[in-house]
file start.csv (CSV, C-alpha atoms)
chain,number,residue,atom,x,y,z
A,1,MET,CA,0.0,0.0,0.0
A,2,LEU,CA,1.3,3.4,-0.9
A,3,LEU,CA,2.1,5.3,2.3
A,4,GLU,CA,3.7,8.5,0.9
A,5,ILE,CA,3.2,10.0,-2.5
A,6,ASN,CA,6.3,11.3,-4.3
A,7,ARG,CA,6.0,14.0,-6.9
A,8,PRO,CA,8.5,15.1,-9.5
A,9,SER,CA,10.5,18.2,-8.7
A,10,PHE,CA,9.2,20.0,-11.8
A,11,LEU,CA,5.8,21.1,-12.9
A,12,ILE,CA,4.7,20.8,-16.5
A,13,LYS,CA,3.8,24.3,-17.2
A,14,TYR,CA,1.5,23.6,-20.1
A,15,LEU,CA,-0.8,21.4,-18.1
A,16,SER,CA,-3.6,23.3,-16.2
A,17,SER,CA,-3.7,20.9,-13.3
A,18,GLU,CA,-1.7,18.4,-11.5
A,19,THR,CA,-2.7,14.8,-11.3
A,20,SER,CA,-4.6,14.0,-8.1
A,21,ASP,CA,-3.5,11.8,-5.2
A,22,GLU,CA,-6.5,9.5,-6.0
A,23,TRP,CA,-5.2,8.7,-9.5
A,24,ILE,CA,-1.8,7.9,-8.2
A,25,LYS,CA,-3.1,5.6,-5.5
A,26,LEU,CA,-5.4,3.8,-8.0
A,27,ALA,CA,-2.6,3.5,-10.5
A,28,ILE,CA,0.0,2.2,-8.1
A,29,SER,CA,-2.5,-0.4,-6.7
A,30,ASN,CA,-3.1,-1.7,-10.3
A,31,PRO,CA,0.3,-1.9,-11.8
A,32,LEU,CA,-0.4,-4.5,-14.5
A,33,GLU,CA,-3.6,-2.9,-15.7
A,34,ILE,CA,-2.0,0.5,-15.9
A,35,LEU,CA,0.9,-0.9,-17.9
A,36,ILE,CA,-1.3,-2.7,-20.4
A,37,ASP,CA,-3.2,0.5,-20.8
A,38,HIS,CA,0.0,2.3,-21.4
A,39,ALA,CA,0.9,-0.2,-24.1
A,40,HIS,CA,-2.4,0.7,-25.8
A,41,CYS,CA,-1.5,4.4,-25.4
A,42,GLU,CA,1.8,4.0,-27.2
A,43,ARG,CA,0.0,2.2,-30.0
A,44,LYS,CA,-2.6,5.0,-30.2
A,45,ALA,CA,0.1,7.7,-30.2
A,46,ALA,CA,1.8,6.0,-33.1
A,47,GLY,CA,-1.6,5.8,-34.9
A,48,PHE,CA,-2.2,9.5,-34.3
A,49,ALA,CA,1.1,10.6,-35.7
A,50,ILE,CA,0.5,8.4,-38.8
A,51,GLN,CA,-3.0,9.7,-39.1
A,52,LEU,CA,-1.6,13.2,-39.4
A,53,MET,CA,0.9,12.0,-42.0
A,54,PHE,CA,-2.1,10.7,-44.0
A,55,ARG,CA,-4.1,13.9,-43.6
A,56,TYR,CA,-1.2,16.1,-44.8
A,57,PRO,CA,0.6,13.7,-47.2
A,58,SER,CA,2.7,16.2,-49.0
A,59,GLU,CA,4.0,18.2,-46.1
A,60,GLN,CA,7.6,17.1,-46.0
A,61,ASP,CA,8.5,19.0,-42.8
A,62,LEU,CA,5.6,17.2,-40.9
A,63,ALA,CA,6.6,13.8,-42.3
A,64,GLU,CA,10.2,14.3,-41.2
A,65,VAL,CA,9.2,14.7,-37.6
A,66,LEU,CA,6.0,12.6,-37.3
A,67,SER,CA,7.5,9.4,-38.8
A,68,PRO,CA,10.3,9.2,-36.2
A,69,ILE,CA,7.7,9.9,-33.4
A,70,ALA,CA,5.5,7.0,-34.7
A,71,ARG,CA,8.6,4.7,-34.8
A,72,GLU,CA,9.6,5.6,-31.3
A,73,GLU,CA,6.1,5.0,-29.9
A,74,LEU,CA,6.0,1.6,-31.6
A,75,GLU,CA,9.4,0.8,-30.1
A,76,HIS,CA,8.0,1.5,-26.7
A,77,PHE,CA,4.9,-0.4,-27.4
A,78,GLU,CA,7.1,-3.5,-28.3
A,79,LYS,CA,9.2,-2.9,-25.2
A,80,ILE,CA,6.1,-3.1,-23.0
A,81,LEU,CA,4.9,-6.2,-24.9
A,82,TYR,CA,8.0,-8.1,-24.0
A,83,PHE,CA,8.1,-6.8,-20.5
A,84,LEU,CA,4.6,-8.1,-20.0
A,85,LYS,CA,5.5,-11.4,-21.7
A,86,ASP,CA,8.4,-11.9,-19.3
A,87,LEU,CA,5.9,-11.5,-16.4
A,88,GLY,CA,3.7,-14.1,-18.0
A,89,HIS,CA,1.1,-11.6,-19.2
A,90,GLY,CA,0.1,-10.1,-22.5
A,91,LEU,CA,-2.0,-7.6,-24.2
A,92,ARG,CA,-5.7,-7.6,-23.5
A,93,THR,CA,-8.5,-5.2,-24.4
A,94,LEU,CA,-9.2,-2.6,-21.8
A,95,LYS,CA,-12.2,-0.3,-21.9
A,96,PRO,CA,-10.6,3.1,-22.7
A,97,PRO,CA,-11.4,6.1,-20.5
A,98,PRO,CA,-13.3,9.0,-22.2
A,99,TYR,CA,-10.2,11.1,-22.4
A,100,GLY,CA,-9.1,10.6,-26.0
A,101,THR,CA,-12.6,10.7,-27.5
A,102,GLU,CA,-13.5,13.8,-25.4
A,103,LEU,CA,-10.3,15.7,-26.2
A,104,THR,CA,-10.4,15.1,-29.9
A,105,LYS,CA,-14.0,16.5,-30.0
A,106,SER,CA,-12.3,19.9,-29.4
A,107,ILE,CA,-10.4,19.7,-32.7
A,108,ARG,CA,-12.0,22.2,-35.0
A,109,LYS,CA,-13.1,21.0,-38.4
A,110,ASP,CA,-11.8,23.8,-40.6
A,111,GLU,CA,-8.2,24.1,-41.7
A,112,PRO,CA,-5.8,25.4,-40.7
A,113,ASN,CA,-7.4,25.3,-37.2
A,114,ARG,CA,-7.7,21.6,-37.5
A,115,MET,CA,-4.0,21.3,-37.9
A,116,LEU,CA,-3.2,23.6,-35.0
A,117,ASP,CA,-5.6,21.9,-32.7
A,118,SER,CA,-4.3,18.4,-33.7
A,119,PHE,CA,-0.7,19.5,-32.8
A,120,LEU,CA,-1.7,21.0,-29.5
A,121,ILE,CA,-3.9,18.1,-28.4
A,122,ALA,CA,-1.2,15.6,-29.4
A,123,GLY,CA,1.2,17.7,-27.4
A,124,LEU,CA,-1.0,17.9,-24.4
A,125,ILE,CA,-1.5,14.1,-24.4
A,126,GLU,CA,2.2,13.6,-24.5
A,127,ALA,CA,2.7,16.2,-21.7
A,128,ARG,CA,0.1,14.4,-19.5
A,129,SER,CA,1.7,11.1,-20.2
A,130,HIS,CA,5.1,12.5,-19.2
A,131,GLU,CA,3.6,13.7,-15.9
A,132,ARG,CA,1.9,10.4,-15.2
A,133,LEU,CA,4.8,8.2,-16.2
A,134,SER,CA,7.0,10.4,-13.9
A,135,LEU,CA,4.6,9.7,-11.1
A,136,LEU,CA,4.6,5.9,-11.9
A,137,ALA,CA,8.5,6.0,-12.0
A,138,LEU,CA,8.6,7.6,-8.6
A,139,ASN,CA,5.9,5.7,-6.8
A,140,SER,CA,5.7,2.2,-8.3
A,141,GLU,CA,6.3,-0.5,-5.7
A,142,ASN,CA,8.2,-2.8,-8.0
A,143,GLU,CA,11.7,-1.8,-9.0
A,144,SER,CA,11.4,-3.2,-12.5
A,145,PHE,CA,8.3,-1.1,-13.2
A,146,LYS,CA,10.1,2.0,-11.9
A,147,VAL,CA,13.0,1.4,-14.3
A,148,LEU,CA,10.6,0.7,-17.2
A,149,TYR,CA,8.7,3.9,-16.7
A,150,GLN,CA,11.8,5.9,-16.2
A,151,SER,CA,13.1,4.6,-19.6
A,152,LEU,CA,9.8,5.6,-21.3
A,153,LEU,CA,9.0,9.0,-19.9
A,154,GLU,CA,11.7,11.1,-21.4
A,155,SER,CA,10.5,10.6,-25.0
A,156,GLU,CA,7.0,11.8,-24.0
A,157,ALA,CA,8.4,15.2,-23.0
A,158,ARG,CA,10.5,15.3,-26.2
A,159,HIS,CA,7.4,14.5,-28.3
A,160,PHE,CA,5.5,17.2,-26.6
A,161,GLY,CA,8.3,19.6,-27.6
A,162,ILE,CA,8.1,18.4,-31.2
A,163,TYR,CA,4.3,19.0,-31.5
A,164,TRP,CA,4.7,22.3,-29.7
A,165,LYS,CA,7.5,23.4,-32.1
A,166,LEU,CA,5.4,22.3,-35.1
A,167,ALA,CA,2.5,24.5,-33.8
A,168,LYS,CA,4.8,27.5,-33.3
A,169,THR,CA,6.4,27.1,-36.7
A,170,LYS,CA,3.2,27.0,-38.6
A,171,PHE,CA,1.1,29.4,-36.6
A,172,SER,CA,1.5,32.8,-34.9
A,173,ARG,CA,2.8,32.8,-31.4
A,174,ASN,CA,-0.2,34.6,-30.1
A,175,LYS,CA,-2.7,32.2,-31.7
A,176,THR,CA,-0.8,29.2,-30.6
A,177,PHE,CA,-0.5,30.2,-26.9
A,178,LYS,CA,-4.2,31.3,-26.7
A,179,ARG,CA,-5.4,28.0,-28.1
A,180,LEU,CA,-3.1,26.0,-26.0
A,181,GLU,CA,-4.5,27.7,-22.9
A,182,GLU,CA,-8.1,26.8,-24.0
A,183,LEU,CA,-7.3,23.2,-24.8
A,184,SER,CA,-5.2,22.8,-21.7
A,185,LYS,CA,-8.2,23.8,-19.6
A,186,ILE,CA,-10.4,21.4,-21.5
A,187,GLU,CA,-7.9,18.6,-20.9
A,188,SER,CA,-7.9,19.2,-17.1
A,189,ASP,CA,-11.7,19.4,-17.0
A,190,ILE,CA,-11.9,16.0,-18.7
A,191,LEU,CA,-9.6,14.5,-16.1
A,192,SER,CA,-11.4,16.1,-13.2
A,193,GLN,CA,-14.5,14.0,-14.0
A,194,THR,CA,-13.7,10.9,-12.1
A,195,TYR,CA,-13.3,7.7,-14.0
A,196,TYR,CA,-12.9,4.8,-11.6
A,197,GLU,CA,-10.8,2.5,-13.7
A,198,PRO,CA,-7.0,2.5,-13.5
A,199,ARG,CA,-5.9,4.0,-16.8
A,200,ILE,CA,-3.1,6.3,-17.8
A,201,HIS,CA,-5.6,9.0,-18.8
A,202,SER,CA,-8.4,8.3,-16.3
B,1,MET,CA,16.1,5.6,-72.9
B,2,LEU,CA,15.9,2.1,-71.8
B,3,LEU,CA,17.3,-0.2,-74.5
B,4,GLU,CA,17.3,-3.5,-72.9
B,5,ILE,CA,15.1,-4.7,-70.0
B,6,ASN,CA,16.8,-6.6,-67.2
B,7,ARG,CA,14.7,-9.0,-65.2
B,8,PRO,CA,15.6,-10.6,-61.9
B,9,SER,CA,16.8,-14.2,-62.0
B,10,PHE,CA,13.9,-15.4,-59.8
B,11,LEU,CA,10.1,-15.4,-60.2
B,12,ILE,CA,7.9,-14.6,-57.2
B,13,LYS,CA,5.8,-17.7,-57.2
B,14,TYR,CA,2.8,-16.2,-55.3
B,15,LEU,CA,2.2,-13.6,-58.0
B,16,SER,CA,0.0,-14.7,-60.9
B,17,SER,CA,1.7,-12.5,-63.5
B,18,GLU,CA,5.0,-10.8,-64.2
B,19,THR,CA,5.2,-7.1,-64.6
B,20,SER,CA,4.9,-6.0,-68.2
B,21,ASP,CA,7.7,-4.3,-70.2
B,22,GLU,CA,5.4,-1.3,-70.6
B,23,TRP,CA,5.4,-0.7,-66.8
B,24,ILE,CA,9.2,-1.0,-66.7
B,25,LYS,CA,9.6,1.5,-69.5
B,26,LEU,CA,7.2,4.0,-68.0
B,27,ALA,CA,8.7,3.7,-64.6
B,28,ILE,CA,12.3,4.1,-65.7
B,29,SER,CA,11.4,7.2,-67.8
B,30,ASN,CA,9.9,8.8,-64.7
B,31,PRO,CA,12.3,8.1,-61.9
B,32,LEU,CA,11.4,10.9,-59.6
B,33,GLU,CA,7.6,10.4,-59.8
B,34,ILE,CA,8.0,6.7,-59.2
B,35,LEU,CA,10.2,7.4,-56.1
B,36,ILE,CA,7.8,9.9,-54.6
B,37,ASP,CA,5.0,7.3,-55.2
B,38,HIS,CA,7.1,4.7,-53.5
B,39,ALA,CA,7.5,7.0,-50.4
B,40,HIS,CA,3.7,7.1,-50.2
B,41,CYS,CA,3.6,3.3,-50.6
B,42,GLU,CA,5.9,2.9,-47.6
B,43,ARG,CA,3.8,5.3,-45.5
B,44,LYS,CA,0.6,3.4,-46.6
B,45,ALA,CA,2.2,0.0,-45.7
B,46,ALA,CA,3.0,1.3,-42.2
B,47,GLY,CA,-0.6,2.6,-42.0
B,48,PHE,CA,-2.0,-0.8,-43.0
B,49,ALA,CA,0.1,-2.7,-40.4
B,50,ILE,CA,-1.0,-0.2,-37.7
B,51,GLN,CA,-4.6,-0.5,-38.8
B,52,LEU,CA,-4.4,-4.2,-38.3
B,53,MET,CA,-3.0,-3.6,-34.8
B,54,PHE,CA,-6.0,-1.4,-34.1
B,55,ARG,CA,-8.5,-3.9,-35.4
B,56,TYR,CA,-7.1,-6.7,-33.3
B,57,PRO,CA,-5.8,-4.8,-30.3
B,58,SER,CA,-5.4,-7.7,-27.9
B,59,GLU,CA,-3.6,-10.2,-30.2
B,60,GLN,CA,-0.1,-10.1,-28.8
B,61,ASP,CA,1.4,-12.4,-31.5
B,62,LEU,CA,0.1,-10.0,-34.2
B,63,ALA,CA,1.4,-6.9,-32.4
B,64,GLU,CA,4.8,-8.5,-32.0
B,65,VAL,CA,5.3,-8.8,-35.8
B,66,LEU,CA,3.2,-5.9,-37.1
B,67,SER,CA,4.8,-3.2,-35.0
B,68,PRO,CA,8.3,-3.9,-36.3
B,69,ILE,CA,6.9,-4.0,-39.9
B,70,ALA,CA,5.4,-0.6,-39.4
B,71,ARG,CA,8.6,0.7,-38.0
B,72,GLU,CA,10.7,-0.6,-40.9
B,73,GLU,CA,8.3,0.9,-43.5
B,74,LEU,CA,8.5,4.3,-41.7
B,75,GLU,CA,12.3,4.0,-41.7
B,76,HIS,CA,12.2,3.5,-45.4
B,77,PHE,CA,9.8,6.3,-45.9
B,78,GLU,CA,12.2,8.6,-44.1
B,79,LYS,CA,15.2,7.3,-46.1
B,80,ILE,CA,13.4,8.2,-49.3
B,81,LEU,CA,12.4,11.6,-47.9
B,82,TYR,CA,16.0,12.5,-47.3
B,83,PHE,CA,17.1,11.1,-50.6
B,84,LEU,CA,14.6,13.3,-52.4
B,85,LYS,CA,15.7,16.3,-50.3
B,86,ASP,CA,19.3,15.8,-51.3
B,87,LEU,CA,18.1,15.9,-54.9
B,88,GLY,CA,16.3,19.2,-54.2
B,89,HIS,CA,12.9,17.6,-54.2
B,90,GLY,CA,10.3,16.6,-51.7
B,91,LEU,CA,7.0,14.9,-51.1
B,92,ARG,CA,4.1,15.9,-53.2
B,93,THR,CA,0.6,14.5,-53.6
B,94,LEU,CA,0.2,12.1,-56.5
B,95,LYS,CA,-3.1,10.7,-57.6
B,96,PRO,CA,-2.9,7.0,-56.5
B,97,PRO,CA,-3.6,4.2,-59.0
B,98,PRO,CA,-6.8,2.2,-58.4
B,99,TYR,CA,-4.7,-0.8,-57.1
B,100,GLY,CA,-5.0,-0.4,-53.3
B,101,THR,CA,-8.7,0.5,-53.3
B,102,GLU,CA,-9.6,-2.2,-55.8
B,103,LEU,CA,-7.6,-4.9,-53.9
B,104,THR,CA,-9.0,-4.1,-50.5
B,105,LYS,CA,-12.5,-4.4,-51.9
B,106,SER,CA,-11.8,-8.2,-52.0
B,107,ILE,CA,-11.3,-8.3,-48.2
B,108,ARG,CA,-14.4,-10.2,-46.9
B,109,LYS,CA,-16.3,-8.4,-44.1
B,110,ASP,CA,-16.9,-11.4,-41.8
B,111,GLU,CA,-14.3,-12.6,-39.4
B,112,PRO,CA,-12.1,-14.6,-39.5
B,113,ASN,CA,-12.2,-14.3,-43.3
B,114,ARG,CA,-11.5,-10.6,-42.9
B,115,MET,CA,-8.3,-11.4,-41.0
B,116,LEU,CA,-7.1,-14.0,-43.5
B,117,ASP,CA,-7.8,-11.7,-46.5
B,118,SER,CA,-6.1,-8.8,-44.9
B,119,PHE,CA,-2.9,-10.8,-44.3
B,120,LEU,CA,-2.9,-12.2,-47.8
B,121,ILE,CA,-3.6,-8.9,-49.5
B,122,ALA,CA,-0.9,-7.1,-47.4
B,123,GLY,CA,1.4,-10.0,-48.4
B,124,LEU,CA,0.6,-9.7,-52.1
B,125,ILE,CA,1.2,-6.0,-52.1
B,126,GLU,CA,4.6,-6.6,-50.4
B,127,ALA,CA,5.4,-9.3,-53.0
B,128,ARG,CA,4.5,-7.1,-55.9
B,129,SER,CA,6.5,-4.2,-54.4
B,130,HIS,CA,9.5,-6.6,-54.1
B,131,GLU,CA,9.2,-7.6,-57.7
B,132,ARG,CA,8.9,-4.0,-58.9
B,133,LEU,CA,11.7,-2.6,-56.7
B,134,SER,CA,13.9,-5.4,-58.1
B,135,LEU,CA,13.1,-4.2,-61.6
B,136,LEU,CA,13.9,-0.7,-60.6
B,137,ALA,CA,17.1,-1.7,-59.0
B,138,LEU,CA,18.1,-3.6,-62.2
B,139,ASN,CA,17.0,-1.1,-64.7
B,140,SER,CA,17.3,2.4,-63.2
B,141,GLU,CA,19.6,4.6,-65.3
B,142,ASN,CA,21.0,6.5,-62.3
B,143,GLU,CA,23.4,4.6,-60.0
B,144,SER,CA,22.2,6.2,-56.8
B,145,PHE,CA,18.6,5.2,-57.6
B,146,LYS,CA,19.7,1.6,-58.2
B,147,VAL,CA,21.5,1.5,-54.9
B,148,LEU,CA,18.5,3.0,-53.1
B,149,TYR,CA,16.1,0.5,-54.5
B,150,GLN,CA,18.5,-2.4,-53.8
B,151,SER,CA,18.6,-1.3,-50.1
B,152,LEU,CA,14.8,-1.2,-49.9
B,153,LEU,CA,13.7,-4.3,-51.7
B,154,GLU,CA,14.8,-7.0,-49.4
B,155,SER,CA,12.5,-6.0,-46.6
B,156,GLU,CA,9.5,-6.2,-48.9
B,157,ALA,CA,10.2,-9.9,-49.5
B,158,ARG,CA,10.7,-10.4,-45.7
B,159,HIS,CA,7.4,-8.6,-45.0
B,160,PHE,CA,5.6,-10.8,-47.5
B,161,GLY,CA,7.0,-13.8,-45.6
B,162,ILE,CA,5.8,-12.5,-42.3
B,163,TYR,CA,2.2,-11.9,-43.5
B,164,TRP,CA,2.2,-15.3,-45.2
B,165,LYS,CA,3.4,-17.0,-42.0
B,166,LEU,CA,0.7,-15.1,-40.0
B,167,ALA,CA,-1.9,-16.5,-42.4
B,168,LYS,CA,-0.6,-20.0,-42.2
B,169,THR,CA,-0.3,-19.9,-38.4
B,170,LYS,CA,-3.9,-18.8,-37.9
B,171,PHE,CA,-5.6,-20.6,-40.8
B,172,SER,CA,-5.6,-24.1,-42.3
B,173,ARG,CA,-3.0,-24.7,-45.0
B,174,ASN,CA,-5.7,-25.6,-47.5
B,175,LYS,CA,-7.8,-22.6,-46.9
B,176,THR,CA,-4.8,-20.2,-47.0
B,177,PHE,CA,-3.5,-21.5,-50.3
B,178,LYS,CA,-6.9,-21.6,-51.9
B,179,ARG,CA,-7.6,-18.0,-50.9
B,180,LEU,CA,-4.1,-16.8,-51.9
B,181,GLU,CA,-4.6,-18.2,-55.4
B,182,GLU,CA,-7.9,-16.3,-55.8
B,183,LEU,CA,-6.6,-13.1,-54.5
B,184,SER,CA,-3.4,-13.4,-56.5
B,185,LYS,CA,-5.5,-13.6,-59.7
B,186,ILE,CA,-7.5,-10.6,-58.6
B,187,GLU,CA,-4.2,-8.7,-58.0
B,188,SER,CA,-2.9,-9.5,-61.5
B,189,ASP,CA,-6.3,-8.6,-63.1
B,190,ILE,CA,-6.2,-5.2,-61.5
B,191,LEU,CA,-2.7,-4.5,-62.8
B,192,SER,CA,-3.6,-5.8,-66.3
B,193,GLN,CA,-6.0,-2.8,-66.6
B,194,THR,CA,-3.6,-0.2,-67.9
B,195,TYR,CA,-3.2,2.9,-65.8
B,196,TYR,CA,-1.0,5.4,-67.7
B,197,GLU,CA,0.6,7.1,-64.8
B,198,PRO,CA,4.0,6.1,-63.5
B,199,ARG,CA,3.2,4.5,-60.1
B,200,ILE,CA,4.7,1.6,-58.2
B,201,HIS,CA,1.3,-0.2,-58.5
B,202,SER,CA,0.1,1.0,-61.8
call {"tool": "encode", "arguments": {"input": "start.csv", "output": "structure tokens"}}
result
Amino acid sequence: MLLEINRPSFLIKYLSSETSDEWIKLAISNPLEILIDHAHCERKAAGFAIQLMFRYPSEQDLAEVLSPIAREELEHFEKILYFLKDLGHGLRTLKPPPYGTELTKSIRKDEPNRMLDSFLIAGLIEARSHERLSLLALNSENESFKVLYQSLLESEARHFGIYWKLAKTKFSRNKTFKRLEELSKIESDILSQTYYEPRIHS
Amino acid sequence: MLLEINRPSFLIKYLSSETSDEWIKLAISNPLEILIDHAHCERKAAGFAIQLMFRYPSEQDLAEVLSPIAREELEHFEKILYFLKDLGHGLRTLKPPPYGTELTKSIRKDEPNRMLDSFLIAGLIEARSHERLSLLALNSENESFKVLYQSLLESEARHFGIYWKLAKTKFSRNKTFKRLEELSKIESDILSQTYYEPRIHS
């Protein structure tokens, strides 16, 4: 049982709220389910990057950064698969929390707003994943889980940086910051509605 | 101008027909367009593998082989991007030939037939790509293009082998061979209908 909650020494400034103690306790008490859910998150993050490459098929600058992101997410997905396998477990379907579906509803339909929102939402998901993997790395009760999360979390921060840079390169600074602030609030609101299953984004 | 057509010393036994001289001549006369089209093919092949991972999210054995396929396709996609960039070119949208859309119409809607057909069609596309990249490696008039195609073509054959093994592992030998024969004829029929744009699968 988790007696004391450790939090990282940094705050992720683009997130409007910190993860609650409740989430940390629920996650730490369900290490396997959280890890399987995270495998699905890595797969979905790869899918999202590829989806953007399909939506803007002739934007070379996008392709140059999205393709390596997708590859790295898939590498992590495979790393978790083999980690689970070594423990005698494997992938299984988990009911996803409303997070992804709710967040993507905020993507505006008209271009170029659709592109800006897609970058920012992908970035926010990476930032939140970074925060939560940091919490798992600090608080997991099993050393091998700590080491695994530690090895995964840095790239989530880097991916956030890449999406953020894409947004700032293609859109005005003012427009980008203003929209990030709006979406960041929406992201925090979604997470504030309790979802009682242990998920990375519950 | 291409004076003499070189063909590989092997025949790909799962394909019902060999590529025509006409295709080779059209492809060799349009090296840049064919290469850009091939970049899109690598992207689409990664997308197809990931789509299968999304359709069967808890099948660990699938995930273990599809995720590395998708990563390798993306690596090749990036390799072509930088090759094009060095030549002063980049990605651009090309009208795709009917090949992919027509072929995927043959995927039956009911499981497990849908899974079998998906493996076999993915495999046939890889086999055809292998054949055509071999022709491009043999006949391209520019040495750097030859070298590039040579470096890409082996993995297409390996990917065919992986999809074929997946099919044989999950379905009876008889059922798998019978369906491959049907789909292979469909694949050749689609290519026999002339499409006058230089594309990997025209």
call {"tool": "interface_residues", "arguments": {"input": "start.csv", "of": "chain B", "to": "chain A", "cutoff": "7 Å", "atoms": "only C-alpha atoms", "output": "PDB file with C-alpha atoms, keeping the file's coordinate frame"}}
result
ATOM      1  CA  GLY B  47      -0.600   2.600 -42.000  1.00  0.00           C
ATOM      2  CA  ILE B  50      -1.000  -0.200 -37.700  1.00  0.00           C
ATOM      3  CA  PRO B  57      -5.800  -4.800 -30.300  1.00  0.00           C
ATOM      4  CA  SER B  58      -5.400  -7.700 -27.900  1.00  0.00           C
ATOM      5  CA  GLU B  59      -3.600 -10.200 -30.200  1.00  0.00           C
ATOM      6  CA  GLN B  60      -0.100 -10.100 -28.800  1.00  0.00           C
ATOM      7  CA  GLU B  64       4.800  -8.500 -32.000  1.00  0.00           C
ATOM      8  CA  SER B  67       4.800  -3.200 -35.000  1.00  0.00           C
ATOM      9  CA  ARG B  71       8.600   0.700 -38.000  1.00  0.00           C
ATOM     10  CA  LEU B  74       8.500   4.300 -41.700  1.00  0.00           C
ATOM     11  CA  GLU B  78      12.200   8.600 -44.100  1.00  0.00           C
ATOM     12  CA  GLY B  90      10.300  16.600 -51.700  1.00  0.00           C
ATOM     13  CA  LEU B  91       7.000  14.900 -51.100  1.00  0.00           C
ATOM     14  CA  ARG B  92       4.100  15.900 -53.200  1.00  0.00           C
ATOM     15  CA  THR B  93       0.600  14.500 -53.600  1.00  0.00           C
TER      16      THR B  93
END
call {"tool": "closest_residue", "arguments": {"input": "start.csv", "among": "A:Ser16, A:Ser155, A:Thr194, A:Asn6", "to": "Ser129 of chain A", "atoms": "all atoms listed in the file"}}
result
A:Ser155
call {"tool": "residues_around", "arguments": {"input": "start.csv", "residues": "Glu141 of chain A", "least_positions_apart": "2", "cutoff": "12 Å", "atoms": "all atoms listed in the file", "output": "ChimeraX atom specification"}}
result
/A:1-6,24-25,27-32,135-139,143-147
call {"tool": "atom_distance", "arguments": {"input": "start.csv", "atom1": "atom CA of Gln193 of chain B", "atom2": "atom CA of Leu103 of chain B"}}
result
13.0 Å
call {"tool": "closest_residue", "arguments": {"input": "start.csv", "among": "A:Leu116, A:Ser184, A:Gly100, A:Arg55", "to": "Tyr163 of chain A", "atoms": "only C-alpha atoms"}}
result
A:Leu116
call {"tool": "atom_distance", "arguments": {"input": "start.csv", "atom1": "atom CA of Ile69 of chain B", "atom2": "atom CA of Asp37 of chain B"}}
result
19.1 Å
call {"tool": "atom_distance", "arguments": {"input": "start.csv", "atom1": "atom CA of Arg199 of chain A", "atom2": "atom CA of Ile34 of chain A"}}
result
5.3 Å
